[in-house]
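Asker: Got a structure for you, questions after.
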There are 2 protein chains.
Amino acid sequence: MASLQEVARRAKVSIATVSRVLNQSDKVVPETRAVVEKALRELDYRPSRVARRLRMNAGRANLVGLIIPDIQNPFFAEIARGVEDAAFSADYALLLCNSDERRDKERFYLDVMLAESVDGIVLPPFDETDAALVDVIKGGMPVVCVDRSLTKVKTDLVEVDNYRGAFDMVTHLLDRGHKRIGLIEGRVHVSTSRERRRGYLDALAARGIAERPELTRAGDFRQESGHMLANELLDMRKPPTALFVCNNLMTVGALAAVHRRKLRVPDDVAVAGFDDVPWAEALDPPLSVVRQPAHEVGRQAMELLLRRIVEPARPPVTVRLMPELILRRST
Amino acid sequence: MASLQEVARRAKVSIATVSRVLNQSDKVVPETRAVVEKALRELDYRPSRVARRLRMNAGRANLVGLIIPDIQNPFFAEIARGVEDAAFSADYALLLCNSDERRDKERFYLDVMLAESVDGIVLPPFDETDAALVDVIKGGMPVVCVDRSLTKVKTDLVEVDNYRGAFDMVTHLLDRGHKRIGLIEGRVHVSTSRERRRGYLDALAARGIAERPELTRAGDFRQESGHMLANELLDMRKPPTALFVCNNLMTVGALAAVHRRKLRVPDDVAVAGFDDVPWAEALDPPLSVVRQPAHEVGRQAMELLLRRIVEPARPPVTVRLMPELILRRST
DNA sequence: GACAAAACGTGAAACGTTCCGCCAGCTCAT
DNA sequence: ATGAGCTGGCGGAACGTTTCACGTTTTGTC
């Protein structure tokens with residue numbers, strides 16, 4: 001780990017000159033440059049990002065943070081890939097953390113990011129109010145929200161039209177003749193859950209069907225809760241004929257419940273999911289889903305963040321991407 | 001972003017004293033401690049990890065790196081969770097990167113980790129020789145390999161008994177009466193691929209069945225290659241009656257190929273996978289797999305790394321975990 | 001009450017950068 | 001010939017920590 005010092009000593013110039021060679025500044029005469037570059041090579045010099053970050057003002061650390069609720073959720077994994085791809089091409093490194101849908105972990109990692117003086121943060125907020133996050137934003141840290149939005153503060157945001165996705169899928173189920181459609185939604189204080197619920201309700205209302213509160217259940221986005229809630233719904237005296245499950249992991253859980261009862265899909269009960277997954281095609285039967293362009297969500301979020309880093313005062317932008325209905329055979 | 005300076009000024013003591021209050025050193029009298037703590041609170045002081053890392057010698061940055069080939073692969077995602085869980089409890093943050101099974105990306109991220117002066121690195125090496133990684137290790141950076149091993153250098157390693165897993169699964173297929181068993185393996189220069197292939201071959205040999213090279217195909221761990229290679233195998237004049245696919249993503253691809261041909265599983269062709277996945281149960285039919293304790297792999301790796309960080313000279317350790325055969329209905 | 005030892009506190013160096021301000025020497029117009 | 005302006009290069013401060021080497025005060029022991 002050769003330092004600038006050592007390189008300068010070897011090249012018999014000052015560290016300032018070495019630094020200028022590195023930063024492509026033009027104020028260094030070719031001969032000097034050559035000898036410095038030689039020393040650089042000989043010592044296999046690699047700059048310390050740490051020292052650099054300490055010295056630099058905010059916005060030039062080439063490091064951004066990404067906090068996702070659960071890396072094991074393919075939807076977030078795909079977002080992460082989108083963010084990373086864009087970061088990598090811009091020569092940024094990514095500090096990636098899992099909040100595990102836990103408020104304390106999100107807060108811990110937000111602190112870490114602050115302490116690491118990252119240039120900016122991408123994340124789906126824990127909930128619509130997320131006090132810890134709001135503080136960070138107020139402190140001047142560039143933040144781009146993905147997937148979920150914040151009510152109290154205006155930030156850059158890349159989201160999917162969840163309302164539309166849910167509306168279309170439920171309409172499709174209605175077209176298939178279903179009247180009793182069960183909804184398994186995610187955590188209630190998350191914006192996406194609300195949007196999807198609105199879509200579900202409006203689609204019913206558009207056909208003059210009244211809401212039946214007993215048909216909607218709120219989970220926590222995890223497989224386990226999908227399983228449990230599907231069981232609850234299927235245990236009703238008059239169970240729903242279709243299940244609309246509002247994320248991928250809960251859908252896996254719900255499917256397990258359905259299979260365990262040896263119910264036939266879609267004849268006994270139709271199942272529709274949110275988020276497409278690689279194995280949707282291989283399921284029994286292939287699963288109909290609302291597909292979200294997750295990679296694109298991540299990519300655009302990172303690009304928004306890069307723009308905000310160079311221009312902190314620009315007005316916040318919302319990018320809304322369209323989901324796509326993929327009808328396979330489970331509905 | 002109050003600094004120690006400001007806190008010291010406010011508390012009317014020197015920064016050294018503030019630092020000692022923070023680091024729980026006992027050499028500070030209660031009254032002083034109280035006034036310092038008050039100042040700390042009032043200014044909402046948060047230490048800069050960057051400055052701390054710059055000053056500290058290696059091994060106390062509370063930051064470790066994890067480089068995984070593909071975060072979208074549930075197996076690696078689960079390892080990542082294991083590493084993270086252990087890191088979080090030890091108050092370590094994680095710099096997580098995707099090498100995307102690409103040598104240049106792995107190298108880039110290794111450089112980043114060095115430049116960030118992380119305390120240590122966990123990763124599955126790109127291949128068995130991995131020059132870039134070997135350099136890093138020789139440079140004295142604590143490294144724990146997971147899943148895959150290195151031939152040239154002895155490191156801490158947490159691996160799964162791949163040989164055993166493959167041997168058992170192939171034996172099971174033989175028990176079911178299969179004689180022509182196709183093998184779809186991963187990248188050839190990765191230790192796990194070799195081990196699994198050895199297991200496959202030995203299981204055949206144990207029953208006196210000669211190797212048929214045309215039945216084994218090497219892919220790249222991706223879904224796409226599983227699809228393609230399954231197609232190749234099924235296109236043979238005398239196709240295999242069973243497919244043993246050596247990772248989860250390639251299994252999804254292979255399954256798609258099987259489904260597209262409307263082949264019945266396991267009657268027309270049996271399919272066995274490596275790595276259990278949440279949706280294995282929901283597949284048609286439920287998939288038989290060799291399950292790897294991925295979370296445990298990650299957890300133990302992180303613990304090994306923590307030990308190595310405090311004691312760099314300790315002899316390298318290999319932890320070998322046992323896989324588990326999960327027989328469902330696809331075989 | 002003398003003296004050593006312990007307790008408490010301070011100043012300053014160091015980590016590896018970046019960059020501001022400065023200086024020396026040169027060119028060139030006046 | 002003189003000074004302005006430019007070019008190439010240097011010194012050193014600053015970023016926010018930790019910690020070493022000291023000082024000063026308090027305590028304890030005989």
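Each chain of the structure tokens is named A, B, ... in the order shown, its residues numbered from 1; ligands are numbered from 1 in display order.
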Using only C-alpha atoms (C1' of nucleotides), which protein or nucleic acid residues come within 12 Å of C:DT30? Drop anything in the same chain fewer than 5 positions from it, and give the result as a ChimeraX atom specification.

Answerer: /D:1-4

Asker: I want to know what sits within 7 Å of stretch 115-128 of chain A, based on only C-alpha atoms (C1' of nucleotides), with residues of the same chain fewer than 4 positions away left out; could you give that as a VMD selection string?

Answerer: (chain A and resid 58 to 68 101 103 111 141 to 151 189 to 191 305 309) or (chain B and resid 47 to 50)

Asker: Neighbouring residues of stretch 10-21 of chain C were defined as those with any atom within 7 Å, considering only C-alpha atoms (C1' of nucleotides); residues of the same chain fewer than 4 positions away were excluded. Please report them as a PDB file with N, CA and C atoms, in the first residue's frame.

Answerer:
ATOM      1  N   SER A   3       1.953   4.935  -0.494  1.00  0.00           N
ATOM      2  CA  SER A   3       1.206   6.186  -0.388  1.00  0.00           C
ATOM      3  C   SER A   3       1.787   7.219  -1.348  1.00  0.00           C
ATOM      4  N   SER A  48      -5.967   5.666  -1.840  1.00  0.00           N
ATOM      5  CA  SER A  48      -6.850   5.266  -0.759  1.00  0.00           C
ATOM      6  C   SER A  48      -8.160   6.025  -0.867  1.00  0.00           C
ATOM      7  N   ALA A  51      -8.839   8.062   2.475  1.00  0.00           N
ATOM      8  CA  ALA A  51      -8.205   9.369   2.635  1.00  0.00           C
ATOM      9  C   ALA A  51      -8.865  10.379   1.698  1.00  0.00           C
ATOM     10  N   ARG A  52      -9.142   9.910   0.512  1.00  0.00           N
ATOM     11  CA  ARG A  52      -9.763  10.774  -0.476  1.00  0.00           C
ATOM     12  C   ARG A  52     -11.098  11.294   0.029  1.00  0.00           C
ATOM     13  N   ARG A  55     -10.879  13.919   2.781  1.00  0.00           N
ATOM     14  CA  ARG A  55     -10.464  15.241   2.335  1.00  0.00           C
ATOM     15  C   ARG A  55     -11.552  15.943   1.511  1.00  0.00           C
ATOM     16  N   MET A  56     -12.184  15.183   0.643  1.00  0.00           N
ATOM     17  CA  MET A  56     -13.114  15.772  -0.317  1.00  0.00           C
ATOM     18  C   MET A  56     -14.363  16.344   0.326  1.00  0.00           C
TER      19      MET A  56
ATOM     20  N   SER B  14     -10.169  18.886  25.988  1.00  0.00           N
ATOM     21  CA  SER B  14      -9.449  18.614  24.749  1.00  0.00           C
ATOM     22  C   SER B  14     -10.129  17.486  23.976  1.00  0.00           C
ATOM     23  N   LEU B  54      -9.095   5.876   8.458  1.00  0.00           N
ATOM     24  CA  LEU B  54      -7.826   6.418   7.982  1.00  0.00           C
ATOM     25  C   LEU B  54      -6.769   6.326   9.080  1.00  0.00           C
ATOM     26  N   ARG B  55      -7.193   6.641  10.261  1.00  0.00           N
ATOM     27  CA  ARG B  55      -6.255   6.695  11.368  1.00  0.00           C
ATOM     28  C   ARG B  55      -5.855   5.303  11.866  1.00  0.00           C
TER      29      ARG B  55
END

Asker: Within 12 Å of chain D, which residues of chain A come that close, and what is the closest atom pair and distance in Å for each? Count only C-alpha atoms (C1' of nucleotides) and give it as a Markdown table.

Answerer:
| residue | atom | partner | partner_atom | distance |
| --- | --- | --- | --- | --- |
| A:Ala8 | CA | D:DC10 | C1' | 11.8 |
| A:Lys12 | CA | D:DC10 | C1' | 11.7 |
| A:Val13 | CA | D:DC10 | C1' | 8.5 |
| A:Ser14 | CA | D:DC10 | C1' | 6.4 |
| A:Ile15 | CA | D:DC10 | C1' | 8.8 |
| A:Ala16 | CA | D:DC10 | C1' | 7.3 |
| A:Thr17 | CA | D:DG9 | C1' | 7.0 |
| A:Val18 | CA | D:DG9 | C1' | 10.7 |
| A:Ser19 | CA | D:DG9 | C1' | 12.0 |
| A:Arg20 | CA | D:DG9 | C1' | 10.3 |
| A:Val21 | CA | D:DG9 | C1' | 11.8 |
| A:Ser25 | CA | D:DG8 | C1' | 11.6 |
| A:Asp26 | CA | D:DG8 | C1' | 9.8 |
| A:Lys27 | CA | D:DG8 | C1' | 6.2 |
| A:Val28 | CA | D:DG8 | C1' | 6.0 |
| A:Val29 | CA | D:DG8 | C1' | 6.7 |
| A:Pro30 | CA | D:DG8 | C1' | 10.5 |
| A:Glu31 | CA | D:DG8 | C1' | 11.3 |
| A:Thr32 | CA | D:DG8 | C1' | 9.7 |
| A:Arg33 | CA | D:DG8 | C1' | 11.2 |
| A:Val50 | CA | D:DC15 | C1' | 10.9 |
| A:Ala51 | CA | D:DC15 | C1' | 8.6 |
| A:Arg52 | CA | D:DC15 | C1' | 9.2 |
| A:Arg53 | CA | D:DC15 | C1' | 8.6 |
| A:Leu54 | CA | D:DC15 | C1' | 5.2 |
| A:Arg55 | CA | D:DC15 | C1' | 4.5 |
| A:Met56 | CA | D:DC15 | C1' | 7.5 |
| A:Asn57 | CA | D:DC15 | C1' | 8.8 |
| A:Ala58 | CA | D:DC15 | C1' | 11.4 |
| A:Ala115 | CA | D:DG16 | C1' | 11.1 |

Asker: Could you save those same residues with N, CA and C atoms as an mmCIF file, in the first residue's frame?

Answerer:
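Just written: result16.cif:
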data_model
loop_
_atom_site.group_PDB
_atom_site.id
_atom_site.type_symbol
_atom_site.label_atom_id
_atom_site.label_comp_id
_atom_site.auth_asym_id
_atom_site.auth_seq_id
_atom_site.Cartn_x
_atom_site.Cartn_y
_atom_site.Cartn_z
ATOM 1 N N ALA A 8 6.157 10.143 -4.245
ATOM 2 C CA ALA A 8 6.794 11.442 -4.421
ATOM 3 C C ALA A 8 8.277 11.336 -4.105
ATOM 4 N N LYS A 12 11.182 11.887 -6.688
ATOM 5 C CA LYS A 12 11.877 13.116 -6.320
ATOM 6 C C LYS A 12 11.101 14.374 -6.725
ATOM 7 N N VAL A 13 9.818 14.332 -6.456
ATOM 8 C CA VAL A 13 8.982 15.526 -6.643
ATOM 9 C C VAL A 13 8.135 15.657 -5.380
ATOM 10 N N SER A 14 7.304 16.650 -5.336
ATOM 11 C CA SER A 14 6.440 16.793 -4.167
ATOM 12 C C SER A 14 5.163 15.975 -4.352
ATOM 13 N N ILE A 15 4.511 15.703 -3.254
ATOM 14 C CA ILE A 15 3.278 14.927 -3.376
ATOM 15 C C ILE A 15 2.238 15.680 -4.182
ATOM 16 N N ALA A 16 2.290 16.989 -4.133
ATOM 17 C CA ALA A 16 1.326 17.776 -4.901
ATOM 18 C C ALA A 16 1.459 17.463 -6.385
ATOM 19 N N THR A 17 2.672 17.335 -6.828
ATOM 20 C CA THR A 17 2.898 17.051 -8.244
ATOM 21 C C THR A 17 2.369 15.667 -8.606
ATOM 22 N N VAL A 18 2.635 14.705 -7.753
ATOM 23 C CA VAL A 18 2.118 13.375 -8.012
ATOM 24 C C VAL A 18 0.600 13.430 -8.106
ATOM 25 N N SER A 19 0.011 14.127 -7.168
ATOM 26 C CA SER A 19 -1.437 14.229 -7.164
ATOM 27 C C SER A 19 -1.923 14.819 -8.481
ATOM 28 N N ARG A 20 -1.214 15.821 -8.961
ATOM 29 C CA ARG A 20 -1.658 16.439 -10.214
ATOM 30 C C ARG A 20 -1.477 15.524 -11.409
ATOM 31 N N VAL A 21 -0.462 14.710 -11.366
ATOM 32 C CA VAL A 21 -0.314 13.716 -12.431
ATOM 33 C C VAL A 21 -1.527 12.790 -12.417
ATOM 34 N N SER A 25 -4.403 16.779 -14.207
ATOM 35 C CA SER A 25 -4.257 18.219 -14.365
ATOM 36 C C SER A 25 -3.156 18.460 -15.397
ATOM 37 N N ASP A 26 -3.269 19.527 -16.162
ATOM 38 C CA ASP A 26 -2.347 19.731 -17.273
ATOM 39 C C ASP A 26 -1.046 20.413 -16.850
ATOM 40 N N LYS A 27 -1.037 20.929 -15.639
ATOM 41 C CA LYS A 27 0.111 21.732 -15.227
ATOM 42 C C LYS A 27 1.337 20.911 -14.842
ATOM 43 N N VAL A 28 1.659 19.937 -15.630
ATOM 44 C CA VAL A 28 2.874 19.214 -15.310
ATOM 45 C C VAL A 28 3.588 18.835 -16.613
ATOM 46 N N VAL A 29 4.856 19.160 -16.646
ATOM 47 C CA VAL A 29 5.637 19.048 -17.879
ATOM 48 C C VAL A 29 5.899 17.568 -18.181
ATOM 49 N N PRO A 30 5.906 17.190 -19.453
ATOM 50 C CA PRO A 30 5.994 15.779 -19.837
ATOM 51 C C PRO A 30 7.097 14.978 -19.141
ATOM 52 N N GLU A 31 8.294 15.547 -19.024
ATOM 53 C CA GLU A 31 9.366 14.754 -18.404
ATOM 54 C C GLU A 31 9.006 14.406 -16.962
ATOM 55 N N THR A 32 8.563 15.410 -16.222
ATOM 56 C CA THR A 32 8.171 15.160 -14.842
ATOM 57 C C THR A 32 7.087 14.089 -14.798
ATOM 58 N N ARG A 33 6.095 14.279 -15.644
ATOM 59 C CA ARG A 33 4.998 13.322 -15.689
ATOM 60 C C ARG A 33 5.517 11.898 -15.885
ATOM 61 N N VAL A 50 -10.347 6.011 1.227
ATOM 62 C CA VAL A 50 -10.688 6.517 2.551
ATOM 63 C C VAL A 50 -10.124 7.923 2.737
ATOM 64 N N ALA A 51 -8.839 8.062 2.475
ATOM 65 C CA ALA A 51 -8.205 9.369 2.635
ATOM 66 C C ALA A 51 -8.865 10.379 1.698
ATOM 67 N N ARG A 52 -9.142 9.910 0.512
ATOM 68 C CA ARG A 52 -9.763 10.774 -0.476
ATOM 69 C C ARG A 52 -11.098 11.294 0.029
ATOM 70 N N ARG A 53 -11.894 10.403 0.579
ATOM 71 C CA ARG A 53 -13.212 10.776 1.038
ATOM 72 C C ARG A 53 -13.137 11.761 2.201
ATOM 73 N N LEU A 54 -12.130 11.526 3.036
ATOM 74 C CA LEU A 54 -11.998 12.390 4.204
ATOM 75 C C LEU A 54 -11.722 13.820 3.754
ATOM 76 N N ARG A 55 -10.879 13.919 2.781
ATOM 77 C CA ARG A 55 -10.464 15.241 2.335
ATOM 78 C C ARG A 55 -11.552 15.943 1.511
ATOM 79 N N MET A 56 -12.184 15.183 0.643
ATOM 80 C CA MET A 56 -13.114 15.772 -0.317
ATOM 81 C C MET A 56 -14.363 16.344 0.326
ATOM 82 N N ASN A 57 -14.922 17.324 -0.332
ATOM 83 C CA ASN A 57 -16.262 17.753 0.061
ATOM 84 C C ASN A 57 -17.247 16.681 -0.373
ATOM 85 N N ALA A 58 -18.436 16.771 0.134
ATOM 86 C CA ALA A 58 -19.468 15.793 -0.205
ATOM 87 C C ALA A 58 -19.653 15.721 -1.717
ATOM 88 N N ALA A 115 -22.030 8.004 8.260
ATOM 89 C CA ALA A 115 -20.678 7.953 8.812
ATOM 90 C C ALA A 115 -19.643 7.607 7.740
#

Asker: With the cut-off set at 9 Å and counting only C-alpha atoms, tabulate each residue of chain B with an atom at most that distance from an atom of chain A, showing the nearest atom pair and its distance in Å to one decimal, ordered by chain and increasing number, as a Markdown table.

Answerer:
| residue | atom | partner | partner_atom | distance |
| --- | --- | --- | --- | --- |
| B:Met1 | CA | A:Gly139 | CA | 8.9 |
| B:Arg46 | CA | A:Ala115 | CA | 7.0 |
| B:Pro47 | CA | A:Ala115 | CA | 6.5 |
| B:Ser48 | CA | A:Ala115 | CA | 4.7 |
| B:Arg49 | CA | A:Ala115 | CA | 5.1 |
| B:Val50 | CA | A:Glu116 | CA | 5.6 |
| B:Ala51 | CA | A:Leu54 | CA | 6.1 |
| B:Arg53 | CA | A:Val50 | CA | 7.1 |
| B:Leu54 | CA | A:Ala51 | CA | 6.1 |
| B:Asp70 | CA | A:Arg81 | CA | 8.8 |
| B:Ile71 | CA | A:Ala77 | CA | 6.2 |
| B:Gln72 | CA | A:Ala77 | CA | 5.5 |
| B:Asn73 | CA | A:Pro74 | CA | 8.6 |
| B:Pro74 | CA | A:Gln72 | CA | 6.4 |
| B:Ala77 | CA | A:Gln72 | CA | 5.5 |
| B:Glu78 | CA | A:Gln72 | CA | 6.6 |
| B:Ala80 | CA | A:Ile71 | CA | 8.2 |
| B:Arg81 | CA | A:Ile71 | CA | 7.6 |
| B:Glu84 | CA | A:Asn98 | CA | 7.9 |
| B:Phe88 | CA | A:Lys105 | CA | 8.8 |
| B:Ala93 | CA | A:Val112 | CA | 7.4 |
| B:Leu94 | CA | A:Cys97 | CA | 6.9 |
| B:Leu95 | CA | A:Leu95 | CA | 4.9 |
| B:Leu96 | CA | A:Leu96 | CA | 5.2 |
| B:Cys97 | CA | A:Leu94 | CA | 6.9 |
| B:Asn98 | CA | A:Glu84 | CA | 7.9 |
| B:Lys105 | CA | A:Phe88 | CA | 8.8 |
| B:Tyr109 | CA | A:Ala93 | CA | 7.9 |
| B:Asp111 | CA | A:Arg46 | CA | 8.3 |
| B:Val112 | CA | A:Ala93 | CA | 7.4 |
| B:Leu114 | CA | A:Ser48 | CA | 8.0 |
| B:Ala115 | CA | A:Ser48 | CA | 4.7 |
| B:Glu116 | CA | A:Arg49 | CA | 5.4 |
| B:Ser117 | CA | A:Val50 | CA | 7.3 |
| B:Gly139 | CA | A:Met1 | CA | 8.7 |
| B:Gln223 | CA | A:Pro278 | CA | 8.6 |
| B:Leu249 | CA | A:Pro278 | CA | 8.5 |
| B:Val252 | CA | A:Trp279 | CA | 6.1 |
| B:Gly253 | CA | A:Trp279 | CA | 8.6 |
| B:Leu255 | CA | A:Ala282 | CA | 6.5 |
| B:Ala256 | CA | A:Ala282 | CA | 6.1 |
| B:His259 | CA | A:Ala282 | CA | 7.3 |
| B:Pro278 | CA | A:Val252 | CA | 7.3 |
| B:Trp279 | CA | A:Val252 | CA | 6.1 |
| B:Glu281 | CA | A:Ala256 | CA | 7.0 |
| B:Ala282 | CA | A:Ala256 | CA | 6.1 |
| B:Leu283 | CA | A:Leu283 | CA | 4.5 |
| B:Asp284 | CA | A:Asp284 | CA | 4.8 |
| B:Pro285 | CA | A:Asp284 | CA | 7.4 |

Asker: Please, what distance in Å, to one decimal, runs between atom CA of A:Phe244 and atom CA of A:Leu183?

Answerer: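 Computed distance, atom CA of A:Phe244 to atom CA of A:Leu183, equals 5.0 Å.
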
Asker: Write out as a list of chain:residue names each polymer residue whose atoms come within 7 Å of B:Gly199, counting only C-alpha atoms (C1' of nucleotides); drop sequence neighbours fewer than 6 positions from it.

Answerer: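 Result of the neighbour search: B:Tyr163, B:Arg164, B:Ala166, B:Phe167.
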
Asker: For the strand (DSSP E) assignment from backbone DSSP, which residues of stretch 76-302 of chain A qualify? Please present them as JSON, numbers by chain.

Answerer: {"A": [93, 94, 95, 96, 97, 98, 120, 121, 122, 123, 143, 144, 145, 146, 156, 157, 158, 159, 160, 181, 182, 183, 184, 185, 216, 217, 218, 242, 243, 244, 245, 270, 271, 272, 273, 274, 288, 289, 290, 291]}

Asker: Would you list the contacts of A:Leu327 as a list in words, taking every protein, DNA or RNA residue within 10 Å and counting only C-alpha atoms (C1' of nucleotides), but skipping same-chain residues closer than 6 positions in sequence?

Answerer: Met169, His172, Ala272, Pro286, Leu287, Ser288, Val289, Val290 and Arg291 of chain A

Asker: Take atom CA of B:Lys179 and atom CA of B:Thr241 and report the distance between them in Å, one decimal.

Answerer: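 Atom CA of B:Lys179 sits 7.5 Å away from atom CA of B:Thr241.
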
Asker: Residues of stretch 146-264 of chain B in alpha helix (DSSP H) according to DSSP, as a PyMOL selection string?

Answerer: chain B and resi 162-175+191-206+223-234+248-260

Asker: Could you take the residues named above and write them with C-alpha atoms, as a PDB file, in the first residue's frame?

Answerer:
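Below you can see again_22.pdb, which holds the result:
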ATOM      1  CA  ASN B 162     -20.407 -31.156  -3.060  1.00  0.00           C
ATOM      2  CA  TYR B 163     -19.000 -34.533  -3.882  1.00  0.00           C
ATOM      3  CA  ARG B 164     -21.252 -36.195  -1.395  1.00  0.00           C
ATOM      4  CA  GLY B 165     -24.329 -34.273  -2.476  1.00  0.00           C
ATOM      5  CA  ALA B 166     -23.837 -35.196  -6.107  1.00  0.00           C
ATOM      6  CA  PHE B 167     -22.931 -38.774  -5.298  1.00  0.00           C
ATOM      7  CA  ASP B 168     -26.048 -39.277  -3.206  1.00  0.00           C
ATOM      8  CA  MET B 169     -28.391 -37.684  -5.700  1.00  0.00           C
ATOM      9  CA  VAL B 170     -27.030 -39.652  -8.619  1.00  0.00           C
ATOM     10  CA  THR B 171     -27.179 -42.821  -6.574  1.00  0.00           C
ATOM     11  CA  HIS B 172     -30.799 -42.034  -5.871  1.00  0.00           C
ATOM     12  CA  LEU B 173     -31.463 -41.623  -9.592  1.00  0.00           C
ATOM     13  CA  LEU B 174     -29.765 -44.947 -10.262  1.00  0.00           C
ATOM     14  CA  ASP B 175     -31.927 -46.537  -7.595  1.00  0.00           C
ATOM     15  CA  SER B 191     -14.121 -26.163  -7.589  1.00  0.00           C
ATOM     16  CA  THR B 192     -17.758 -26.956  -6.906  1.00  0.00           C
ATOM     17  CA  SER B 193     -18.311 -28.005 -10.499  1.00  0.00           C
ATOM     18  CA  ARG B 194     -15.396 -30.421 -10.380  1.00  0.00           C
ATOM     19  CA  GLU B 195     -16.535 -31.889  -7.099  1.00  0.00           C
ATOM     20  CA  ARG B 196     -20.050 -32.424  -8.298  1.00  0.00           C
ATOM     21  CA  ARG B 197     -18.818 -33.999 -11.483  1.00  0.00           C
ATOM     22  CA  ARG B 198     -16.599 -36.344  -9.472  1.00  0.00           C
ATOM     23  CA  GLY B 199     -19.590 -37.291  -7.362  1.00  0.00           C
ATOM     24  CA  TYR B 200     -21.618 -37.975 -10.477  1.00  0.00           C
ATOM     25  CA  LEU B 201     -18.910 -40.094 -12.077  1.00  0.00           C
ATOM     26  CA  ASP B 202     -18.122 -42.062  -8.960  1.00  0.00           C
ATOM     27  CA  ALA B 203     -21.777 -42.837  -8.355  1.00  0.00           C
ATOM     28  CA  LEU B 204     -22.011 -44.203 -11.866  1.00  0.00           C
ATOM     29  CA  ALA B 205     -18.767 -46.132 -11.498  1.00  0.00           C
ATOM     30  CA  ALA B 206     -19.957 -47.663  -8.240  1.00  0.00           C
ATOM     31  CA  GLN B 223     -30.673 -19.882 -16.415  1.00  0.00           C
ATOM     32  CA  GLU B 224     -30.084 -19.388 -20.115  1.00  0.00           C
ATOM     33  CA  SER B 225     -27.350 -21.986 -20.269  1.00  0.00           C
ATOM     34  CA  GLY B 226     -29.475 -24.503 -18.360  1.00  0.00           C
ATOM     35  CA  HIS B 227     -32.158 -24.038 -20.953  1.00  0.00           C
ATOM     36  CA  MET B 228     -29.805 -24.424 -23.863  1.00  0.00           C
ATOM     37  CA  LEU B 229     -27.958 -27.438 -22.539  1.00  0.00           C
ATOM     38  CA  ALA B 230     -31.153 -29.231 -21.570  1.00  0.00           C
ATOM     39  CA  ASN B 231     -32.309 -28.684 -25.116  1.00  0.00           C
ATOM     40  CA  GLU B 232     -29.107 -30.183 -26.440  1.00  0.00           C
ATOM     41  CA  LEU B 233     -29.459 -33.228 -24.239  1.00  0.00           C
ATOM     42  CA  LEU B 234     -33.118 -33.751 -25.033  1.00  0.00           C
ATOM     43  CA  ASN B 248     -30.664 -23.609  -9.105  1.00  0.00           C
ATOM     44  CA  LEU B 249     -30.780 -21.109 -11.961  1.00  0.00           C
ATOM     45  CA  MET B 250     -29.768 -23.634 -14.573  1.00  0.00           C
ATOM     46  CA  THR B 251     -32.434 -25.921 -13.148  1.00  0.00           C
ATOM     47  CA  VAL B 252     -35.092 -23.301 -13.812  1.00  0.00           C
ATOM     48  CA  GLY B 253     -33.809 -23.070 -17.384  1.00  0.00           C
ATOM     49  CA  ALA B 254     -33.760 -26.821 -17.822  1.00  0.00           C
ATOM     50  CA  LEU B 255     -37.263 -27.114 -16.444  1.00  0.00           C
ATOM     51  CA  ALA B 256     -38.473 -24.579 -18.978  1.00  0.00           C
ATOM     52  CA  ALA B 257     -36.972 -26.686 -21.758  1.00  0.00           C
ATOM     53  CA  VAL B 258     -38.656 -29.784 -20.390  1.00  0.00           C
ATOM     54  CA  HIS B 259     -42.012 -28.029 -20.103  1.00  0.00           C
ATOM     55  CA  ARG B 260     -41.788 -26.591 -23.586  1.00  0.00           C
TER      56      ARG B 260
END

Asker: Using atom CA of B:Lys154 and atom CA of B:Val317 as the two end points, give the distance in Å to one decimal.

Answerer: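 The value is 8.7 Å.
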